[in-house]
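Q: If you scroll down you'll find the structure; I have some questions about it.
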Amino acid sequence: MSNGAKAILEGGPADLPERIVPITPPGIELKIPFKGGYEHFRVTQRQADTESGRLTVYEWCDRTKVAE
């Protein structure tokens, strides 16, 4: 993985392929494309130790469908 800012995702679909994702720029919410929609994760005050170092935890908060 690159040296850019990353986050660890908590919650959401169990089959989400990546739990450590890049964040550009770090912010309030991440929108991850997944199975014809988007999984939304919001930033928390928590951090977790991972194989990529200590990362901010983003927790799942919503799912939206891709607009057609």
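Just so we're on the same page: first chain in the structure tokens is A, next is B, and so on; residues restart at 1 for each chain, and ligands are numbered from 1 in the order they show up.
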Excluding same-chain residues fewer than 6 positions from region 19-24 of chain A, what lies within 8 Å of it counting only C-alpha atoms, as a list in words?
A: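 Here the qualifying residues turn out to be Gly4, Ala5, Lys6, Ala7, Ile8, Leu9, Glu10 and Leu30 of chain A.
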Q: Excluding Leu16 (chain A) and any residue of its chain fewer than 4 positions from it, enumerate the residues within 10 Å of it, using only C-alpha atoms, and give them as a list in words.
A: Leu9, Gly11, Gly12, Ile32, Pro33, Phe34, Lys35 and Glu39 of chain A
Q: Can you spit out the residues from that selection as a PDB file, in the first residue's frame, using N, CA, C and O atoms?
A:
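The new file result_12.pdb reads:
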```pdb
ATOM      1  N   LEU A   9     -12.112   0.425   7.865  1.00  0.00           N
ATOM      2  CA  LEU A   9     -13.572   0.437   7.824  1.00  0.00           C
ATOM      3  C   LEU A   9     -14.132  -0.581   8.804  1.00  0.00           C
ATOM      4  O   LEU A   9     -13.659  -1.721   8.878  1.00  0.00           O
ATOM      5  N   GLY A  11     -17.844  -2.332  10.223  1.00  0.00           N
ATOM      6  CA  GLY A  11     -19.258  -2.519   9.946  1.00  0.00           C
ATOM      7  C   GLY A  11     -19.520  -2.624   8.458  1.00  0.00           C
ATOM      8  O   GLY A  11     -18.604  -2.791   7.658  1.00  0.00           O
ATOM      9  N   GLY A  12     -20.793  -2.547   8.073  1.00  0.00           N
ATOM     10  CA  GLY A  12     -21.162  -2.683   6.674  1.00  0.00           C
ATOM     11  C   GLY A  12     -21.176  -4.134   6.239  1.00  0.00           C
ATOM     12  O   GLY A  12     -21.140  -5.049   7.064  1.00  0.00           O
ATOM     13  N   ILE A  32     -17.842   4.225  -0.573  1.00  0.00           N
ATOM     14  CA  ILE A  32     -17.150   3.104  -1.199  1.00  0.00           C
ATOM     15  C   ILE A  32     -18.085   2.413  -2.192  1.00  0.00           C
ATOM     16  O   ILE A  32     -19.147   1.916  -1.795  1.00  0.00           O
ATOM     17  N   PRO A  33     -17.732   2.353  -3.494  1.00  0.00           N
ATOM     18  CA  PRO A  33     -18.584   1.646  -4.452  1.00  0.00           C
ATOM     19  C   PRO A  33     -18.594   0.146  -4.155  1.00  0.00           C
ATOM     20  O   PRO A  33     -17.530  -0.444  -3.914  1.00  0.00           O
ATOM     21  N   PHE A  34     -19.789  -0.463  -4.170  1.00  0.00           N
ATOM     22  CA  PHE A  34     -19.901  -1.886  -3.843  1.00  0.00           C
ATOM     23  C   PHE A  34     -21.237  -2.427  -4.328  1.00  0.00           C
ATOM     24  O   PHE A  34     -22.295  -1.906  -3.963  1.00  0.00           O
ATOM     25  N   LYS A  35     -21.190  -3.430  -5.181  1.00  0.00           N
ATOM     26  CA  LYS A  35     -22.368  -4.162  -5.655  1.00  0.00           C
ATOM     27  C   LYS A  35     -23.519  -3.255  -6.103  1.00  0.00           C
ATOM     28  O   LYS A  35     -24.628  -3.340  -5.597  1.00  0.00           O
ATOM     29  N   GLU A  39     -21.425   2.158  -0.160  1.00  0.00           N
ATOM     30  CA  GLU A  39     -21.436   1.993   1.295  1.00  0.00           C
ATOM     31  C   GLU A  39     -20.831   3.264   1.867  1.00  0.00           C
ATOM     32  O   GLU A  39     -19.764   3.708   1.424  1.00  0.00           O
TER      33      GLU A  39
END
```
Q: Using only C-alpha atoms for the distances, tell me which of A:Pro13, A:Glu29, A:Phe41, A:Arg46 is nearest to Glu59 (chain A).
A: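 Under the stated criterion, the closest residue is A:Phe41.
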Q: May I have all residues of chain A that DSSP, computed from the backbone, assigns to strand (DSSP E), given as a PyMOL selection string?
A: chain A and resi 6-10+20-22+29-34+37-50+53-65
Q: Skip Arg63 (chain A) itself and residues of its chain fewer than 5 positions away, then list as a list in words all residues within 8 Å of it, counting only C-alpha atoms.
A: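 Near neighbours after the sequence-gap exclusion: Gly37, Tyr38, Glu39 and His40 of chain A.
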